[in-house]
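Enquirer: Structure file data32.cif, mmCIF, C-alpha atoms, is pasted below:
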```cif
data_input
loop_
_atom_site.label_atom_id
_atom_site.label_comp_id
_atom_site.auth_asym_id
_atom_site.auth_seq_id
_atom_site.Cartn_x
_atom_site.Cartn_y
_atom_site.Cartn_z
CA GLN B 100 21.24 33.18 -21.70
CA VAL B 101 21.45 30.25 -19.34
CA GLN B 102 20.93 26.60 -20.15
CA LEU B 103 19.92 24.09 -17.48
CA ALA B 104 20.55 20.36 -17.81
CA GLU B 105 18.68 18.15 -15.35
CA SER B 106 19.27 14.53 -14.44
CA GLY B 107 17.83 12.07 -11.99
CA GLY B 108 14.20 11.39 -11.29
CA GLY B 109 12.32 8.21 -12.01
CA LEU B 110 10.05 5.76 -10.26
CA VAL B 111 10.49 4.80 -6.62
CA GLN B 112 8.40 3.17 -3.92
CA THR B 113 7.09 4.99 -0.85
CA GLY B 114 9.92 5.54 1.59
CA GLY B 115 12.57 5.40 -1.10
CA SER B 116 15.12 7.99 -2.16
CA LEU B 117 16.04 9.83 -5.33
CA ARG B 118 18.65 12.42 -6.23
CA LEU B 119 18.12 15.17 -8.75
CA SER B 120 20.95 17.18 -10.28
CA CYS B 121 20.99 20.26 -12.46
CA THR B 122 23.92 21.98 -14.14
CA ALA B 123 23.77 25.54 -15.38
CA SER B 124 25.81 26.80 -18.31
CA GLY B 125 26.06 30.07 -20.19
CA SER B 126 25.82 33.51 -18.55
CA THR B 127 25.53 32.14 -15.03
CA ALA B 128 27.02 35.03 -12.96
CA ARG B 129 28.86 34.48 -9.67
CA ASP B 130 25.88 35.52 -7.50
CA ASN B 131 22.81 33.48 -8.19
CA VAL B 132 20.08 31.33 -6.76
CA MET B 133 19.50 27.75 -7.85
CA GLY B 134 16.76 25.44 -6.78
CA TRP B 135 13.87 23.16 -7.52
CA TYR B 136 10.16 23.63 -8.03
CA ARG B 137 7.62 20.94 -8.77
CA GLN B 138 4.24 20.68 -10.45
CA ALA B 139 1.79 17.87 -9.91
CA PRO B 140 -1.07 17.21 -12.37
CA GLY B 141 -3.82 19.78 -11.95
CA LYS B 142 -1.82 21.85 -9.48
CA GLN B 143 0.26 25.00 -9.63
CA ARG B 144 4.01 24.90 -9.70
CA GLU B 145 5.36 25.16 -6.16
CA LEU B 146 8.67 25.74 -4.43
CA VAL B 147 10.60 22.75 -3.17
CA ALA B 148 13.93 24.26 -2.15
CA THR B 149 16.42 26.92 -3.17
CA ILE B 150 20.04 27.68 -2.34
CA THR B 151 22.03 30.84 -2.95
CA SER B 152 25.59 30.92 -4.21
CA ARG B 153 26.57 31.75 -0.62
CA GLY B 154 24.86 28.62 0.69
CA THR B 155 21.68 30.05 2.19
CA THR B 156 18.87 27.53 1.84
CA ASN B 157 15.10 27.77 1.80
CA TYR B 158 12.76 24.79 1.97
CA ALA B 159 9.05 24.30 1.54
CA ASP B 160 7.45 22.91 4.68
CA SER B 161 6.71 19.69 2.79
CA ALA B 162 10.43 19.23 2.09
CA LYS B 163 11.86 20.05 5.51
CA GLY B 164 13.47 17.08 7.22
CA ARG B 165 13.26 14.86 4.14
CA PHE B 166 14.98 16.75 1.31
CA THR B 167 18.43 18.29 1.24
CA ILE B 168 19.58 20.82 -1.32
CA SER B 169 23.26 21.37 -2.01
CA ARG B 170 25.40 22.93 -4.69
CA ASP B 171 28.85 22.98 -6.21
CA ASN B 172 29.64 26.54 -7.25
CA ALA B 173 32.69 25.52 -9.26
CA LYS B 174 30.51 23.29 -11.41
CA ASN B 175 27.33 25.44 -11.29
CA THR B 176 25.48 22.36 -10.15
CA VAL B 177 22.62 22.01 -7.70
CA ASN B 178 21.52 18.72 -6.19
CA LEU B 179 18.36 17.68 -4.42
CA GLN B 180 18.56 14.58 -2.26
CA MET B 181 15.05 13.34 -1.58
CA ASN B 182 14.52 10.78 1.16
CA SER B 183 11.42 9.22 2.70
CA LEU B 184 9.48 9.91 -0.47
CA LYS B 185 5.70 9.88 -0.38
CA PRO B 186 3.11 9.47 -3.15
CA GLU B 187 2.26 13.15 -2.79
CA ASP B 188 5.80 13.99 -3.89
CA THR B 189 4.89 12.71 -7.35
CA ALA B 190 5.35 15.60 -9.78
CA VAL B 191 7.48 17.02 -12.53
CA TYR B 192 10.47 18.67 -10.87
CA TYR B 193 11.95 21.75 -12.51
CA CYS B 194 15.39 23.18 -11.98
CA TYR B 195 15.36 26.94 -11.35
CA PHE B 196 18.11 29.50 -11.80
CA VAL B 197 18.19 33.22 -11.16
CA PRO B 198 21.44 35.10 -11.78
CA SER B 199 22.43 38.49 -10.50
CA PRO B 200 21.14 41.19 -11.15
CA TRP B 201 17.92 39.23 -10.62
CA ARG B 202 16.11 40.38 -13.76
CA SER B 203 15.56 37.01 -15.40
CA ASN B 204 14.84 33.48 -14.26
CA TYR B 205 15.41 30.25 -16.10
CA TRP B 206 13.79 26.85 -15.95
CA GLY B 207 14.93 23.37 -16.85
CA GLN B 208 12.82 21.10 -19.04
CA GLY B 209 11.57 19.15 -16.03
CA THR B 210 12.13 15.62 -14.80
CA GLN B 211 9.40 13.25 -13.67
CA VAL B 212 9.41 11.85 -10.14
CA THR B 213 6.85 9.17 -9.42
CA VAL B 214 6.38 7.63 -5.98
CA SER B 215 4.28 4.51 -5.90
CA SER B 216 2.29 3.48 -2.85
#
```
Will you turn the file into structure tokens for me?

Expert:
Amino acid sequence: QVQLAESGGGLVQTGGSLRLSCTASGSTARDNVMGWYRQAPGKQRELVATITSRGTTNYADSAKGRFTISRDNAKNTVNLQMNSLKPEDTAVYYCYFVPSPWRSNYWGQGTQVTVSS
């Protein structure tokens, strides 16, 4: 089992910045993928960004150029720096973790990000 503890989020004005962090504990495995998804009211959960334990990143088109994902393998922590935030970024952001051998995935409890216009 893996437990995910998220922090960050909150209310920010258009153009502002926020930083989300998530720490994994438990049976984390050396090879894994960590990342962030988000879900806005009435919409499906969607990818924001992921990063492998080797540092390979993947971003949604909406996040490219504005968001940066990073991680600290020693601490099993993933961070999402969000800049130039827009009202359409408003959503609940969920931390995501998939450990080798890629049979199970885990989700955090979610953290609210609200961008006011």

Enquirer: Which one is closest to Ala128 of chain B: B:Cys194, B:Asn178, B:Leu184, B:Gln100? Count only C-alpha atoms.

Expert: B:Gln100

Enquirer: Between B:Thr149, B:Thr176, B:Gln208, B:Gln143, which is the closest to Cys121 of chain B once you count all atoms listed in the file?

Expert: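 Looking at the shortest contact to Cys121 of chain B, the residue is B:Thr176.
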
Enquirer: With distances taken over all atoms listed in the file, which residue among B:Thr189, B:Ser126, B:Asn172, B:Thr155 lies nearest Val212 of chain B?

Expert: B:Thr189

Enquirer: Would you mind telling me which residue in B:Ser203, B:Thr127, B:Thr113, B:Asn175 lies nearest to Glu187 of chain B when using only C-alpha atoms?

Expert: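 When distances to Glu187 of chain B are compared using only C-alpha atoms, the smallest one comes from B:Thr113.
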
Enquirer: Which residue is closest to Trp201 of chain B? Choose from B:Gly115, B:Val132, B:Arg137, B:Lys185 and count all atoms listed in the file.

Expert: B:Val132

Enquirer: Decode the PyMOL selection byres ((chain B and resi 101) around 12) for the given file into explicit residues and return them as an mmCIF file with C-alpha atoms, keeping the file's coordinate frame.

Expert:
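Output (expr-v7.cif):
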```cif
data_model
loop_
_atom_site.group_PDB
_atom_site.id
_atom_site.type_symbol
_atom_site.label_atom_id
_atom_site.label_comp_id
_atom_site.auth_asym_id
_atom_site.auth_seq_id
_atom_site.Cartn_x
_atom_site.Cartn_y
_atom_site.Cartn_z
ATOM 1 C CA GLN B 100 21.240 33.180 -21.700
ATOM 2 C CA GLN B 102 20.930 26.600 -20.150
ATOM 3 C CA LEU B 103 19.920 24.090 -17.480
ATOM 4 C CA ALA B 104 20.550 20.360 -17.810
ATOM 5 C CA THR B 122 23.920 21.980 -14.140
ATOM 6 C CA ALA B 123 23.770 25.540 -15.380
ATOM 7 C CA SER B 124 25.810 26.800 -18.310
ATOM 8 C CA GLY B 125 26.060 30.070 -20.190
ATOM 9 C CA SER B 126 25.820 33.510 -18.550
ATOM 10 C CA THR B 127 25.530 32.140 -15.030
ATOM 11 C CA ALA B 128 27.020 35.030 -12.960
ATOM 12 C CA ASN B 131 22.810 33.480 -8.190
ATOM 13 C CA MET B 133 19.500 27.750 -7.850
ATOM 14 C CA ASN B 175 27.330 25.440 -11.290
ATOM 15 C CA CYS B 194 15.390 23.180 -11.980
ATOM 16 C CA TYR B 195 15.360 26.940 -11.350
ATOM 17 C CA PHE B 196 18.110 29.500 -11.800
ATOM 18 C CA VAL B 197 18.190 33.220 -11.160
ATOM 19 C CA PRO B 198 21.440 35.100 -11.780
ATOM 20 C CA SER B 203 15.560 37.010 -15.400
ATOM 21 C CA ASN B 204 14.840 33.480 -14.260
ATOM 22 C CA TYR B 205 15.410 30.250 -16.100
ATOM 23 C CA TRP B 206 13.790 26.850 -15.950
ATOM 24 C CA GLY B 207 14.930 23.370 -16.850
#
```

Enquirer: Which one of B:Gln138, B:Thr210, B:Ser116, B:Ser152 sits closest to Lys174 of chain B if you count only C-alpha atoms?

Expert: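 When distances to Lys174 of chain B are compared using only C-alpha atoms, the smallest one comes from B:Ser152.
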
Enquirer: Save segment 107-197 of chain B to a file: C-alpha atoms, as a compact mmCIF listing (two decimals), in the first residue's frame.

Expert:
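The new file out33.txt reads:
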```
# COMPACT_ATOMS: atom_id res chain seq x y z
CA GLY B 107 -0.42 23.45 -1.32
CA GLY B 108 -3.36 24.71 -3.28
CA GLY B 109 -5.64 27.57 -2.36
CA LEU B 110 -7.06 30.72 -3.87
CA VAL B 111 -5.07 32.92 -6.23
CA GLN B 112 -5.81 35.66 -8.73
CA THR B 113 -5.39 35.28 -12.49
CA GLY B 114 -1.72 35.40 -13.36
CA GLY B 115 -0.63 34.24 -9.94
CA SER B 116 1.36 31.19 -8.90
CA LEU B 117 0.87 28.21 -6.63
CA ARG B 118 2.99 25.21 -5.70
CA LEU B 119 1.61 21.78 -4.97
CA SER B 120 3.58 19.07 -3.21
CA CYS B 121 2.88 15.41 -2.61
CA THR B 122 4.85 12.88 -0.58
CA ALA B 123 4.46 9.15 -1.00
CA SER B 124 5.03 6.68 1.81
CA GLY B 125 4.67 2.93 2.19
CA SER B 126 5.52 0.41 -0.55
CA THR B 127 6.77 3.03 -2.99
CA ALA B 128 9.30 1.00 -5.07
CA ARG B 129 12.38 2.55 -6.66
CA ASP B 130 10.86 2.72 -10.17
CA ASN B 131 7.64 4.66 -10.23
CA VAL B 132 5.70 7.46 -11.82
CA MET B 133 4.36 10.40 -9.85
CA GLY B 134 2.23 13.22 -11.08
CA TRP B 135 -0.86 15.34 -10.94
CA TYR B 136 -4.33 15.10 -12.42
CA ARG B 137 -7.16 17.56 -11.96
CA GLN B 138 -10.93 17.51 -12.06
CA ALA B 139 -13.11 20.56 -12.55
CA PRO B 140 -16.81 20.54 -11.63
CA GLY B 141 -18.83 18.62 -14.21
CA LYS B 142 -15.73 17.44 -16.06
CA GLN B 143 -13.69 14.26 -16.19
CA ARG B 144 -10.41 13.94 -14.38
CA GLU B 145 -7.56 14.90 -16.70
CA LEU B 146 -3.80 14.67 -16.79
CA VAL B 147 -1.77 17.70 -15.78
CA ALA B 148 1.77 16.34 -15.65
CA THR B 149 3.74 13.25 -14.70
CA ILE B 150 7.37 12.48 -14.00
CA THR B 151 9.13 9.14 -13.80
CA SER B 152 11.71 8.23 -11.18
CA ARG B 153 14.30 8.72 -13.94
CA GLY B 154 13.11 12.26 -14.58
CA THR B 155 11.13 11.85 -17.79
CA THR B 156 8.26 14.32 -17.83
CA ASN B 157 4.93 14.49 -19.63
CA TYR B 158 2.68 17.53 -19.69
CA ALA B 159 -0.84 18.20 -20.86
CA ASP B 160 -0.93 20.84 -23.59
CA SER B 161 -2.73 23.16 -21.18
CA ALA B 162 0.19 22.94 -18.74
CA LYS B 163 3.09 23.32 -21.15
CA GLY B 164 5.04 26.53 -20.65
CA ARG B 165 3.24 27.43 -17.42
CA PHE B 166 3.62 24.45 -15.08
CA THR B 167 6.77 22.65 -14.03
CA ILE B 168 6.83 19.24 -12.42
CA SER B 169 9.80 18.09 -10.38
CA ARG B 170 10.60 15.42 -7.85
CA ASP B 171 12.95 14.44 -5.07
CA ASN B 172 13.49 10.69 -5.22
CA ALA B 173 15.16 10.55 -1.82
CA LYS B 174 12.04 12.02 -0.24
CA ASN B 175 9.48 10.42 -2.61
CA THR B 176 8.10 13.88 -3.21
CA VAL B 177 6.68 15.42 -6.35
CA ASN B 178 6.11 19.13 -6.81
CA LEU B 179 4.04 21.08 -9.29
CA GLN B 180 4.94 24.73 -9.75
CA MET B 181 2.04 26.49 -11.44
CA ASN B 182 2.61 29.94 -12.91
CA SER B 183 0.44 32.28 -14.97
CA LEU B 184 -2.67 30.64 -13.57
CA LYS B 185 -5.97 31.10 -15.36
CA PRO B 186 -9.57 30.71 -14.17
CA GLU B 187 -9.82 27.54 -16.26
CA ASP B 188 -7.13 25.99 -14.06
CA THR B 189 -9.64 25.95 -11.22
CA ALA B 190 -10.10 22.33 -10.16
CA VAL B 191 -9.36 19.76 -7.51
CA TYR B 192 -5.81 18.56 -8.10
CA TYR B 193 -4.99 14.95 -7.28
CA CYS B 194 -1.58 13.48 -6.68
CA TYR B 195 -0.98 10.26 -8.63
CA PHE B 196 1.47 7.45 -7.98
CA VAL B 197 2.17 4.25 -9.87
```
